[in-house]
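For reference, model19.cif (mmCIF, C-alpha atoms):
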data_input
#
loop_
_atom_site.label_atom_id
_atom_site.label_comp_id
_atom_site.auth_asym_id
_atom_site.auth_seq_id
_atom_site.Cartn_x
_atom_site.Cartn_y
_atom_site.Cartn_z
CA MET C 1271 -23.73 -11.02 -15.96
CA TYR C 1272 -21.66 -9.36 -13.22
CA THR C 1273 -23.09 -11.58 -10.47
CA LEU C 1274 -22.58 -14.67 -12.62
CA ALA C 1275 -18.92 -13.71 -12.96
CA ILE C 1276 -18.64 -13.44 -9.16
CA TYR C 1277 -20.11 -16.93 -8.73
CA LEU C 1278 -17.68 -18.34 -11.30
CA TYR C 1279 -14.86 -16.60 -9.45
CA MET C 1280 -16.00 -18.24 -6.18
CA ILE C 1281 -15.84 -21.65 -7.84
CA ALA C 1282 -12.39 -20.93 -9.26
CA ILE C 1283 -11.06 -19.83 -5.86
CA SER C 1284 -12.47 -22.94 -4.18
CA MET C 1285 -10.75 -25.17 -6.72
CA ALA C 1286 -7.46 -23.27 -6.56
CA ALA C 1287 -7.53 -23.47 -2.76
CA ILE C 1288 -6.73 -27.17 -2.98
CA PHE C 1289 -3.26 -26.41 -4.34
CA ASN C 1290 -2.54 -22.74 -3.59
CA LYS C 1291 -2.00 -21.30 -0.09
CA ARG C 1292 -3.04 -17.75 -1.03
CA ALA C 1293 -6.28 -19.00 -2.61
CA ARG C 1294 -6.91 -21.16 0.46
CA LEU C 1295 -6.49 -18.18 2.80
CA LEU C 1296 -8.87 -16.19 0.61
CA ALA C 1297 -11.54 -18.90 0.46
CA VAL C 1298 -11.42 -19.67 4.19
CA GLY C 1299 -11.26 -16.00 5.13
CA HIS C 1300 -14.33 -15.11 3.10
CA ARG C 1301 -16.30 -17.96 4.67
CA LYS C 1302 -15.23 -16.99 8.20
CA ALA C 1303 -16.12 -13.32 7.72
CA PHE C 1304 -19.78 -13.77 8.64
CA PHE C 1305 -18.88 -15.61 11.84
CA GLN C 1306 -16.57 -12.73 12.75
CA LEU C 1307 -19.21 -10.14 12.01
CA LYS C 1308 -21.85 -12.01 14.02
CA ARG C 1309 -19.50 -12.41 16.99
CA GLN C 1310 -17.70 -9.06 16.98
CA VAL C 1311 -20.14 -6.41 15.74
CA ASP C 1312 -21.97 -4.57 18.50
CA PRO C 1313 -25.54 -4.06 17.20
CA GLN C 1314 -25.91 -0.96 19.36
CA ALA C 1315 -22.75 0.74 18.11
CA ARG C 1316 -22.25 3.17 15.22
CA TYR C 1317 -19.78 2.00 12.59
CA VAL C 1318 -17.73 3.64 9.87
CA TRP C 1319 -16.70 1.08 7.25
CA PHE C 1320 -13.35 1.22 5.46
CA HIS C 1321 -12.53 -1.21 2.66
CA ALA C 1322 -8.96 -1.79 1.41
CA ALA C 1323 -8.13 -4.25 -1.32
CA SER C 1324 -4.71 -5.04 0.11
CA LEU C 1325 -1.92 -3.76 2.34
CA GLY C 1326 -0.98 -0.80 0.15
CA GLU C 1327 -4.54 0.52 0.16
CA PHE C 1328 -4.70 0.02 3.92
CA GLU C 1329 -1.64 2.24 4.35
CA GLN C 1330 -3.31 4.90 2.20
CA GLY C 1331 -6.48 4.78 4.25
CA ARG C 1332 -4.78 4.58 7.63
CA PRO C 1333 -4.35 8.35 8.17
CA LEU C 1334 -8.08 8.87 7.63
CA MET C 1335 -9.00 5.96 9.90
CA GLU C 1336 -6.76 7.34 12.61
CA ARG C 1337 -8.25 10.81 12.18
CA VAL C 1338 -11.80 9.47 12.52
CA ARG C 1339 -10.77 7.43 15.56
CA ARG C 1340 -9.17 10.47 17.18
CA GLU C 1341 -11.93 12.98 16.43
CA HIS C 1342 -14.94 10.69 16.84
CA PRO C 1343 -14.38 8.18 19.65
CA GLU C 1344 -18.12 7.52 19.65
CA LEU C 1345 -17.76 5.79 16.27
CA LYS C 1346 -16.37 2.30 15.77
CA ILE C 1347 -14.36 1.25 12.73
CA LEU C 1348 -15.04 -1.79 10.57
CA LEU C 1349 -12.11 -2.63 8.28
CA THR C 1350 -12.46 -5.16 5.46
CA PHE C 1351 -9.85 -6.55 3.08
CA PHE C 1352 -10.10 -8.44 -0.17
CA SER C 1353 -6.56 -9.80 -0.31
CA PRO C 1354 -4.73 -12.08 2.13
CA SER C 1355 -1.65 -9.86 1.81
CA GLY C 1356 -3.64 -7.15 3.56
CA TYR C 1357 -5.74 -9.09 6.04
CA GLU C 1358 -3.06 -11.53 7.22
CA VAL C 1359 -0.65 -8.66 8.01
CA ARG C 1360 -3.15 -6.29 9.65
CA LYS C 1361 -5.77 -8.60 11.18
CA THR C 1362 -4.68 -7.62 14.72
CA TRP C 1363 -4.32 -3.88 14.05
CA GLU C 1364 -5.61 -2.01 17.09
CA GLY C 1365 -6.87 0.95 15.07
CA ALA C 1366 -10.05 -0.87 14.02
CA ASP C 1367 -12.73 -2.52 16.12
CA VAL C 1368 -13.64 -5.27 13.64
CA ILE C 1369 -11.30 -6.57 10.91
CA CYS C 1370 -12.31 -9.26 8.43
CA TYR C 1371 -12.32 -10.26 4.79
CA LEU C 1372 -15.03 -8.77 2.61
CA PRO C 1373 -17.38 -11.62 1.64
CA LEU C 1374 -17.57 -12.00 -2.12
CA ASP C 1375 -19.99 -9.64 -3.84
CA THR C 1376 -23.10 -11.76 -4.35
CA PRO C 1377 -26.62 -10.49 -3.56
CA ALA C 1378 -27.03 -13.10 -0.79
CA HIS C 1379 -23.72 -12.16 0.81
CA VAL C 1380 -24.56 -8.47 0.65
CA ARG C 1381 -27.92 -9.01 2.39
CA LEU C 1382 -26.27 -11.07 5.13
CA PHE C 1383 -23.44 -8.56 5.52
CA PHE C 1384 -25.88 -5.70 6.14
CA HIS C 1385 -27.89 -7.93 8.47
CA PHE C 1386 -24.90 -7.99 10.82
CA VAL C 1387 -23.68 -4.42 10.39
CA ARG C 1388 -25.29 -1.18 9.23
CA PRO C 1389 -22.43 1.27 8.76
CA GLU C 1390 -23.10 4.99 8.73
CA MET C 1391 -20.72 5.49 5.79
CA LEU C 1392 -18.29 3.56 3.59
CA PHE C 1393 -14.81 4.64 2.50
CA LEU C 1394 -13.38 2.75 -0.49
CA ILE C 1395 -9.61 3.18 -0.59
CA LYS C 1396 -8.23 3.81 -4.09
CA TYR C 1397 -9.75 0.87 -6.00
CA GLU C 1398 -12.54 -1.70 -5.99
CA PHE C 1399 -16.12 -0.78 -6.79
CA TRP C 1400 -18.19 -3.83 -5.88
CA GLN C 1401 -21.50 -3.49 -7.69
CA ASN C 1402 -23.80 -5.39 -5.32
CA TYR C 1403 -22.32 -3.82 -2.19
CA LEU C 1404 -22.69 -0.36 -3.70
CA LYS C 1405 -26.30 -1.07 -4.64
CA GLY C 1406 -26.87 -2.31 -1.10
CA CYS C 1407 -25.45 0.92 0.30
CA ALA C 1408 -27.65 2.98 -2.01
CA ARG C 1409 -30.80 1.12 -0.97
CA ARG C 1410 -29.98 1.67 2.70
CA GLY C 1411 -29.00 5.32 2.33
CA ILE C 1412 -25.36 4.70 3.28
CA PRO C 1413 -23.06 7.34 1.75
CA VAL C 1414 -20.01 5.99 -0.08
CA TYR C 1415 -16.73 7.87 -0.49
CA SER C 1416 -13.92 6.89 -2.85
CA VAL C 1417 -10.62 8.00 -1.30
CA SER C 1418 -7.26 8.51 -3.05
CA SER C 1419 -8.77 7.01 -6.18
CA ILE C 1420 -6.97 7.24 -9.48
CA PHE C 1421 -8.46 6.52 -12.90
CA ARG C 1422 -6.80 5.62 -16.20
CA PRO C 1423 -8.18 5.27 -19.74
CA SER C 1424 -7.43 1.53 -19.74
CA GLN C 1425 -9.95 0.83 -16.95
CA ILE C 1426 -13.23 -0.87 -17.80
CA PHE C 1427 -15.27 2.27 -17.01
CA PHE C 1428 -13.80 4.05 -20.04
CA ARG C 1429 -13.71 1.22 -22.57
CA TRP C 1430 -16.44 0.80 -25.19
CA TYR C 1431 -17.74 -2.35 -23.48
CA GLY C 1432 -17.90 -0.80 -20.02
CA ARG C 1433 -18.66 2.89 -20.19
CA HIS C 1434 -22.39 2.41 -20.82
CA GLY C 1435 -22.76 -0.61 -18.57
CA TYR C 1436 -20.48 -1.32 -15.64
CA ALA C 1437 -19.51 2.37 -15.39
CA ARG C 1438 -22.96 3.00 -13.94
CA VAL C 1439 -21.71 1.48 -10.70
CA LEU C 1440 -19.86 4.75 -10.14
CA ASP C 1441 -23.22 6.52 -9.81
CA LYS C 1442 -23.58 4.84 -6.41
CA VAL C 1443 -20.55 6.70 -5.03
CA THR C 1444 -21.49 9.80 -3.06
CA HIS C 1445 -18.22 11.59 -3.69
CA PHE C 1446 -14.85 10.86 -5.28
CA PHE C 1447 -11.64 12.24 -3.75
CA VAL C 1448 -9.23 11.60 -6.61
CA GLN C 1449 -5.47 11.91 -6.71
CA ASN C 1450 -5.11 14.10 -9.79
CA GLU C 1451 -6.79 16.29 -12.37
CA GLN C 1452 -6.49 13.60 -15.04
CA SER C 1453 -8.75 11.33 -12.99
CA ARG C 1454 -11.34 14.08 -12.59
CA ALA C 1455 -11.27 14.76 -16.34
CA LEU C 1456 -11.69 11.06 -17.18
CA LEU C 1457 -14.70 10.74 -14.90
CA ALA C 1458 -16.19 13.83 -16.53
CA THR C 1459 -16.11 12.09 -19.94
CA LEU C 1460 -18.72 9.62 -18.67
CA GLY C 1461 -21.25 12.43 -18.51
CA HIS C 1462 -22.82 11.32 -15.24
CA VAL C 1463 -20.01 11.62 -12.67
CA ASP C 1464 -19.30 15.14 -11.48
CA ASN C 1465 -19.20 14.71 -7.71
CA VAL C 1466 -15.40 14.84 -7.71
CA THR C 1467 -12.73 16.66 -5.71
CA VAL C 1468 -9.04 16.57 -6.55
CA ALA C 1469 -7.72 16.00 -3.02
CA GLY C 1470 -4.38 14.29 -3.65
CA ASP C 1471 -3.03 11.09 -2.17
CA THR C 1472 -3.38 10.26 1.53
CA ARG C 1473 -0.23 8.13 1.16
CA PHE C 1474 1.83 11.30 1.58
CA ASP C 1475 0.20 11.92 4.94
CA ARG C 1476 0.94 8.33 5.88
CA VAL C 1477 4.64 8.48 5.03
CA LYS C 1478 4.98 11.74 6.96
CA ASP C 1479 3.32 10.04 9.93
CA ILE C 1480 5.74 7.13 9.53
CA ARG C 1481 8.70 9.51 9.47
CA ALA C 1482 7.47 11.24 12.62
CA ALA C 1483 7.05 7.90 14.40
CA ALA C 1484 10.17 6.23 12.99
CA ARG C 1485 11.81 3.83 15.42
CA GLU C 1486 15.33 4.39 16.62
CA LEU C 1487 17.31 1.30 15.59
CA PRO C 1488 20.62 1.39 17.50
CA LEU C 1489 22.15 -1.58 15.68
CA VAL C 1490 21.44 -0.12 12.24
CA LYS C 1491 22.64 3.28 13.36
CA ALA C 1492 25.88 1.82 14.71
CA PHE C 1493 26.39 -0.06 11.45
CA ALA C 1494 25.87 2.95 9.17
CA GLN C 1495 27.05 5.93 11.20
CA GLY C 1496 30.15 7.60 9.83
CA HIS C 1497 30.10 5.56 6.62
CA THR C 1498 28.72 6.08 3.14
CA THR C 1499 25.68 3.80 3.13
CA PHE C 1500 23.40 2.53 0.38
CA VAL C 1501 19.96 1.19 1.38
CA ALA C 1502 18.22 -1.32 -0.89
CA GLY C 1503 14.57 -1.59 0.11
CA SER C 1504 12.16 -4.35 -0.95
CA SER C 1505 14.78 -5.68 -3.36
CA TRP C 1506 14.24 -8.54 -5.79
CA PRO C 1507 16.96 -10.61 -7.52
CA PRO C 1508 17.07 -8.34 -10.63
CA ASP C 1509 17.68 -5.33 -8.36
CA GLU C 1510 20.31 -7.22 -6.38
CA ALA C 1511 22.09 -8.13 -9.63
CA LEU C 1512 22.75 -4.41 -10.11
CA PHE C 1513 23.72 -3.06 -6.70
CA ILE C 1514 25.71 -6.03 -5.34
CA PRO C 1515 28.42 -5.97 -8.08
CA TRP C 1516 28.57 -2.15 -7.77
CA PHE C 1517 29.08 -2.45 -4.03
CA ARG C 1518 31.69 -5.19 -4.40
CA ALA C 1519 33.60 -2.88 -6.76
CA GLY C 1520 33.84 -0.24 -4.03
CA GLY C 1521 30.71 1.81 -4.72
CA CYS C 1522 30.25 2.74 -1.06
CA GLU C 1523 31.39 1.64 2.39
CA ARG C 1524 28.23 0.08 3.80
CA LEU C 1525 25.28 -1.77 2.25
CA ILE C 1526 21.91 -2.39 3.89
CA ILE C 1527 19.65 -4.86 2.08
CA ALA C 1528 16.00 -5.33 3.04
CA PRO C 1529 14.93 -7.99 0.51
CA HIS C 1530 11.29 -8.40 -0.42
CA LEU C 1531 11.67 -12.16 -0.02
CA ILE C 1532 13.25 -13.29 3.22
CA GLY C 1533 13.14 -17.04 2.73
CA GLU C 1534 16.29 -18.91 3.68
CA ASP C 1535 17.18 -19.83 0.09
CA HIS C 1536 17.09 -16.21 -1.04
CA LEU C 1537 19.08 -14.97 1.95
CA ARG C 1538 21.77 -17.55 1.23
CA ASP C 1539 21.86 -16.49 -2.43
CA ILE C 1540 22.55 -12.91 -1.31
CA GLU C 1541 25.26 -14.04 1.07
CA ARG C 1542 26.93 -16.13 -1.65
CA ALA C 1543 26.87 -13.14 -4.00
CA LEU C 1544 28.68 -11.14 -1.30
CA GLU C 1545 31.32 -13.76 -0.59
CA GLY C 1546 34.47 -12.12 0.76
CA HIS C 1547 32.54 -9.45 2.66
CA ARG C 1548 31.46 -9.73 6.26
CA VAL C 1549 27.68 -10.03 6.11
CA CYS C 1550 25.39 -9.85 9.15
CA ARG C 1551 21.72 -10.71 9.39
CA TYR C 1552 19.79 -8.27 11.55
CA THR C 1553 18.08 -10.94 13.63
CA HIS C 1554 21.43 -12.61 14.37
CA VAL C 1555 23.14 -9.59 15.96
CA ARG C 1556 22.60 -8.44 19.51
CA THR C 1557 25.07 -5.65 20.25
CA GLU C 1558 26.72 -2.79 18.42
CA ALA C 1559 29.98 -4.70 18.60
CA ASP C 1560 28.39 -7.43 16.48
CA VAL C 1561 28.02 -5.04 13.53
CA ALA C 1562 31.21 -3.05 14.07
CA GLY C 1563 33.28 -5.04 11.59
CA ALA C 1564 30.53 -5.78 9.07
CA ASP C 1565 30.09 -4.03 5.77
CA VAL C 1566 26.75 -5.59 4.77
CA LEU C 1567 23.63 -5.78 6.92
CA ILE C 1568 20.71 -7.90 5.69
CA ILE C 1569 17.32 -7.05 7.22
CA ASP C 1570 15.84 -10.53 7.49
CA CYS C 1571 12.52 -9.51 9.05
CA PHE C 1572 9.57 -7.29 8.20
CA GLY C 1573 8.35 -4.02 9.66
CA LEU C 1574 11.62 -2.05 9.88
CA LEU C 1575 12.25 -0.74 6.38
CA SER C 1576 10.38 2.55 6.76
CA SER C 1577 12.60 3.38 9.75
CA ILE C 1578 15.81 2.18 8.10
CA TYR C 1579 15.95 4.42 5.02
CA ARG C 1580 17.06 7.41 7.12
CA TYR C 1581 20.37 5.72 7.92
CA GLY C 1582 21.54 5.86 4.30
CA GLN C 1583 22.51 8.58 1.85
CA VAL C 1584 21.06 6.94 -1.29
CA ALA C 1585 18.33 4.32 -1.65
CA MET C 1586 17.04 1.91 -4.25
CA VAL C 1587 13.42 0.81 -4.05
CA GLY C 1588 12.96 -2.59 -5.62
CA GLY C 1589 10.37 -4.14 -7.88
CA GLY C 1590 10.97 -1.97 -10.92
CA PHE C 1591 12.16 -4.90 -13.00
CA GLY C 1592 9.11 -7.02 -12.18
CA ALA C 1593 5.47 -6.29 -11.47
CA GLY C 1594 6.21 -2.73 -10.38
CA ILE C 1595 8.11 -0.71 -7.83
CA HIS C 1596 7.32 -0.71 -4.15
CA ASN C 1597 6.72 2.36 -1.97
CA VAL C 1598 9.10 5.06 -3.23
CA ALA C 1599 7.62 7.68 -0.91
CA GLU C 1600 8.82 5.78 2.17
CA ALA C 1601 12.40 6.56 1.16
CA ALA C 1602 11.83 9.98 -0.40
CA VAL C 1603 10.23 11.33 2.79
CA TYR C 1604 13.70 11.28 4.41
CA GLY C 1605 15.05 13.68 1.80
CA MET C 1606 17.24 11.21 -0.05
CA PRO C 1607 17.64 10.42 -3.77
CA VAL C 1608 16.03 7.17 -4.89
CA LEU C 1609 16.89 4.79 -7.72
CA ILE C 1610 14.14 2.73 -9.32
CA GLY C 1611 13.74 0.26 -12.18
CA PRO C 1612 11.92 0.97 -15.45
CA ARG C 1613 8.47 -0.47 -14.63
CA ASN C 1614 7.16 2.65 -12.97
CA ALA C 1615 4.70 4.11 -15.47
CA ASN C 1616 1.62 3.39 -13.33
CA PHE C 1617 3.10 4.80 -10.12
CA ARG C 1618 2.14 8.44 -9.89
CA GLU C 1619 4.48 9.48 -7.09
CA ALA C 1620 7.43 7.76 -8.78
CA ARG C 1621 6.76 9.60 -12.04
CA HIS C 1622 6.56 12.92 -10.24
CA LEU C 1623 9.75 12.22 -8.30
CA LEU C 1624 11.46 11.42 -11.60
CA ASP C 1625 10.19 14.69 -13.09
CA CYS C 1626 11.50 16.80 -10.21
CA GLY C 1627 14.93 15.14 -10.14
CA ALA C 1628 14.50 13.34 -6.82
CA CYS C 1629 14.39 9.92 -8.43
CA ILE C 1630 16.54 8.31 -11.12
CA GLU C 1631 15.42 5.48 -13.38
CA VAL C 1632 17.96 2.74 -13.98
CA THR C 1633 17.53 0.12 -16.67
CA ASP C 1634 20.70 -1.96 -16.56
CA THR C 1635 24.10 -2.33 -14.92
CA ALA C 1636 25.61 0.65 -16.73
CA THR C 1637 22.86 3.13 -15.87
CA PHE C 1638 22.75 1.94 -12.27
CA THR C 1639 26.52 2.22 -11.85
CA ASP C 1640 26.61 5.70 -13.39
CA ALA C 1641 23.74 6.99 -11.23
CA ALA C 1642 24.84 5.48 -7.92
CA THR C 1643 28.49 6.44 -8.37
CA HIS C 1644 27.56 10.01 -9.30
CA LEU C 1645 25.30 10.49 -6.28
CA PHE C 1646 27.95 9.29 -3.83
CA ALA C 1647 30.73 11.28 -5.53
CA ASP C 1648 28.85 14.57 -5.90
CA GLU C 1649 27.49 15.77 -2.57
CA ALA C 1650 25.83 18.82 -4.14
CA ALA C 1651 23.89 16.64 -6.60
CA ARG C 1652 22.90 14.26 -3.82
CA THR C 1653 21.71 17.14 -1.62
CA ALA C 1654 19.72 18.72 -4.45
CA ALA C 1655 17.98 15.44 -5.27
CA GLY C 1656 17.20 14.86 -1.59
CA LEU C 1657 15.75 18.34 -1.20
CA ALA C 1658 13.56 17.80 -4.27
CA ALA C 1659 12.30 14.55 -2.69
CA SER C 1660 11.33 16.05 0.65
CA THR C 1661 9.78 19.12 -1.01
CA TYR C 1662 7.60 16.92 -3.21
CA ILE C 1663 6.37 14.85 -0.27
CA ASP C 1664 5.64 17.94 1.80
CA SER C 1665 3.74 19.59 -1.05
CA GLY C 1666 1.58 16.49 -1.56
CA ALA C 1667 0.48 16.16 2.05
CA GLY C 1668 -2.91 17.35 3.26
CA ALA C 1669 -5.34 15.01 1.47
CA THR C 1670 -6.51 13.47 4.74
CA GLU C 1671 -7.46 16.84 6.16
CA ALA C 1672 -9.33 17.85 3.00
CA ILE C 1673 -11.31 14.59 2.90
CA TYR C 1674 -12.10 14.63 6.59
CA ARG C 1675 -13.38 18.20 6.54
CA HIS C 1676 -15.52 17.62 3.45
CA VAL C 1677 -17.14 14.47 4.78
CA PHE C 1678 -17.69 15.39 8.39
CA SER C 1679 -18.78 18.95 7.71
CA HIS C 1680 -21.63 17.46 5.66
CA THR C 1681 -22.76 14.89 8.21
#
How does the structure come out when it is put into structure tokens?
Amino acid sequence: MYTLAIYLYMIAISMAAIFNKRARLLAVGHRKAFFQLKRQVDPQARYVWFHAASLGEFEQGRPLMERVRREHPELKILLTFFSPSGYEVRKTWEGADVICYLPLDTPAHVRLFFHFVRPEMLFLIKYEFWQNYLKGCARRGIPVYSVSSIFRPSQIFFRWYGRHGYARVLDKVTHFFVQNEQSRALLATLGHVDNVTVAGDTRFDRVKDIRAAARELPLVKAFAQGHTTFVAGSSWPPDEALFIPWFRAGGCERLIIAPHLIGEDHLRDIERALEGHRVCRYTHVRTEADVAGADVLIIDCFGLLSSIYRYGQVAMVGGGFGAGIHNVAEAAVYGMPVLIGPRNANFREARHLLDCGACIEVTDTATFTDAATHLFADEAARTAAGLAASTYIDSGAGATEAIYRHVFSHT
């Protein structure tokens, strides 16, 4: 039944590829994966395989990949992605030796995959338990580790139709390194999964690494220095509908917007909403003089946000009025209070930051205005929230070390 569903999914993706760019990237990428493996894999080398569903999971697994690379230069790294949003962004990452899509989980694909590469171990980052690949690993004696995984009662493993069927796929995992005690307890209810360690989330190690390696951005620094500055990261239109009117009403002196969508139409919508203010686009300025008279800076490119948060006093992380918030930890690691929208229930670090007072949930114009105005007006409250943020991130770090020591002390 499972394999039939995979074949039906393959057909659906092939049909959708005719009209949808994302589906087309997925279909072509999966077909090309075997050519990449045949051409790039060194049959004499020893490989460690990391699988990330998408970009977020890649960032979680990156500290562990970098640790393995640093400590074991004799090992090569194979990195696979399921989603185009991961592969297309990181396909040239120098931290892995081979990067490709994971061919869809059919028995024939699995056999061909292991024909080209025989990894010494597999690390699954957070999600995705592909039944045929896990069976293939078990037959070949390849240990499988689930890293930074988190489990919830709504998942198929714990529903009446899955706990005595599909949940058996979890038996193929050598060890689970879960984020929290609730995940360990849920796995225990299955009665056959007890190889579990509560190790925390490697994402905290990643954001600390990002903070340590943050780029100096002279233009952003010149724009923000000496002014009260609000940073809106990965913002969507519903987020912008809150902070732009607040800013126009005098909420703070400087506004940095790093929108999630940087298409020309959206950028022009933002500029129209800020009519009357001098607005600069980051890629259009060259010198500090270019930003000297501006009061809004739009970051119209990717890759800078994690280094930009530190130039503000308060941040908003977008997405909380849509599918879900983006990476709150990237802002919190700089010791600053963070505002988020209401769709945050499934984001563990956001919930914990809310609990410790580092993060504030806003649901509409009134709650946003009250929270943002209070944080800029009350320095003591802003400092306390920022300290709570940095303390939480620091206390959550260390998962990478725990996982690395457990795995490599047993190999």
Judged by only C-alpha atoms, the minimum distance to Gly1590 of chain C among C:Ile1514, C:Ala1519, C:Ala1275, C:Val1632 is found for C:Val1632
Point to revise | the PyMOL selection byres ((chain C and resi 1532-1546) around 10) applied to the shown file, residues as a list in words | key: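 For this structure, the PyMOL selection byres ((chain C and resi 1532-1546) around 10) captures Ser1504, Trp1506, Pro1507, Glu1510, Ala1511, Ile1514, Pro1515, Phe1517, Arg1518, Ile1527, Ala1528, Pro1529, His1530, Leu1531, His1547, Arg1548, Val1549, Cys1550, Arg1551, Val1566, Ile1568, Ile1569, Asp1570, Cys1571 and Phe1572 of chain C.
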Output C-alpha atoms for every residue in the selection just made, as a compact mmCIF listing (two decimals), keeping the file's coordinate frame.
# COMPACT_ATOMS: atom_id res chain seq x y z
CA SER C 1504 12.16 -4.35 -0.95
CA TRP C 1506 14.24 -8.54 -5.79
CA PRO C 1507 16.96 -10.61 -7.52
CA GLU C 1510 20.31 -7.22 -6.38
CA ALA C 1511 22.09 -8.13 -9.63
CA ILE C 1514 25.71 -6.03 -5.34
CA PRO C 1515 28.42 -5.97 -8.08
CA PHE C 1517 29.08 -2.45 -4.03
CA ARG C 1518 31.69 -5.19 -4.40
CA ILE C 1527 19.65 -4.86 2.08
CA ALA C 1528 16.00 -5.33 3.04
CA PRO C 1529 14.93 -7.99 0.51
CA HIS C 1530 11.29 -8.40 -0.42
CA LEU C 1531 11.67 -12.16 -0.02
CA HIS C 1547 32.54 -9.45 2.66
CA ARG C 1548 31.46 -9.73 6.26
CA VAL C 1549 27.68 -10.03 6.11
CA CYS C 1550 25.39 -9.85 9.15
CA ARG C 1551 21.72 -10.71 9.39
CA VAL C 1566 26.75 -5.59 4.77
CA ILE C 1568 20.71 -7.90 5.69
CA ILE C 1569 17.32 -7.05 7.22
CA ASP C 1570 15.84 -10.53 7.49
CA CYS C 1571 12.52 -9.51 9.05
CA PHE C 1572 9.57 -7.29 8.20
request  = Record the distance separating atom CA of Thr1635 of chain C and atom CA of Gly1521 of chain C, expressed in Å with one decimal.
outcome  =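 These two atoms are separated by 12.8 Å.
Between Gly1592 of chain C and the residues C:Thr1376, C:Ser1284, C:Ser1355, C:Thr1633, the shortest atom-to-atom distance, using all atoms listed in the file, involves C:Thr1633.
This file, filtered with the PyMOL selection byres ((chain C and resi 1436) around 12), gives the residues C:Met1271, C:Tyr1272, C:Thr1273, C:Phe1399, C:Trp1400, C:Gln1401, C:Asn1402, C:Gln1425, C:Ile1426, C:Phe1427, C:Phe1428, C:Arg1429, C:Trp1430, C:Tyr1431, C:Gly1432, C:Arg1433, C:His1434, C:Gly1435, C:Ala1437, C:Arg1438, C:Val1439, C:Leu1440, C:Asp1441, C:Lys1442, C:Leu1460.
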What do you get, as a PyMOL selection string, if you spell out every residue that the PyMOL selection byres ((chain C and resi 1308) around 10) selects here?
chain C and resi 1303-1307+1309-1313+1382-1383+1385-1387
From the list C:Phe1447, C:Phe1289, C:Phe1351, C:Phe1393, the nearest residue to Val1318 of chain C using all atoms listed in the file is C:Phe1393
Counting only C-alpha atoms, what is within 10 Å of segment 1642-1647 of chain C, bar same-chain residues fewer than 3 positions away, as a list in words? Thr1498, Thr1499, Phe1500, Phe1513, Trp1516, Phe1517, Gly1520, Gly1521, Cys1522, Gln1583, Val1584, Ala1585, Met1586, Pro1607, Val1608, Leu1609, Ile1630, Val1632, Thr1637, Phe1638, Thr1639, Ala1650, Ala1651, Arg1652, Thr1653 and Ala1655 of chain C
Ranking C:Gly1627, C:Phe1493, C:Ala1654, C:Ala1659 by minimum distance to Ile1578 of chain C and counting only C-alpha atoms, which one comes first?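 Closest residue, counting only C-alpha atoms: C:Phe1493.
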Calculated over only C-alpha atoms, which of the candidates C:Ala1378, C:Leu1512, C:Ile1526, C:Ile1276 has the smallest distance to Asp1565 of chain C?
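Of the candidates, the smallest distance to Asp1565 of chain C is held by C:Ile1526.
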I'd like the contact shell of Glu1631 of chain C - 8 Å cut-off, all atoms listed in the file, skipping same-chain residues fewer than 2 positions apart - returned as a ChimeraX atom specification.
/C:1609-1612,1624,1629,1633
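With all atoms listed in the file as the atoms that count, the minimum distance from Arg1360 of chain C to the choices C:Gly1666, C:Gly1326, C:Gly1582, C:Pro1377 is reached by C:Gly1326.
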task = Find the spatial neighbours of segment 1346-1350 of chain C, counting only C-alpha atoms, within a cut-off of 6 Å - ignore same-chain residues fewer than 3 positions away - and output them as a list in words.
result =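 Final neighbour list, sorted by chain and number: Arg1316, Tyr1317, Val1318, Trp1319, Phe1320, His1321, Ala1366, Asp1367, Val1368, Ile1369, Cys1370, Tyr1371 and Leu1372 of chain C.
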Padding 3 Å on each side, edges along x, y and z: where is the centre of the box around the listed atoms of segment 1595-1602 of chain C, and how long are its edges in Å to one decimal? Output it as JSON.
{"center_x": 9.6, "center_y": 4.6, "center_z": -2.8, "size_x": 11.7, "size_y": 16.7, "size_z": 16.0}
* To do: Report the distance between atom CA of Pro1389 of chain C and atom CA of Pro1413 of chain C in Å, rounded to one decimal place.
  =>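 Spanning atom CA of Pro1389 of chain C to atom CA of Pro1413 of chain C is a straight-line distance of 9.3 Å.
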* Quick one: pull the distance between atom CA of Leu1574 of chain C and atom CA of Arg1485 of chain C, Å, one decimal. =>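 Those two atoms sit 8.1 Å apart.
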Margin query: Env of segment 1472-1484 of chain C: 12 Å cut, atoms = all atoms listed in the file, seq-sep filter 5 positions within chain, self excluded. Answer as an MDAnalysis selection string.
Written below: chainID C and resid 1326:1337 1395:1396 1416:1420 1447:1449 1573:1581 1597:1605 1618:1619 1659:1674
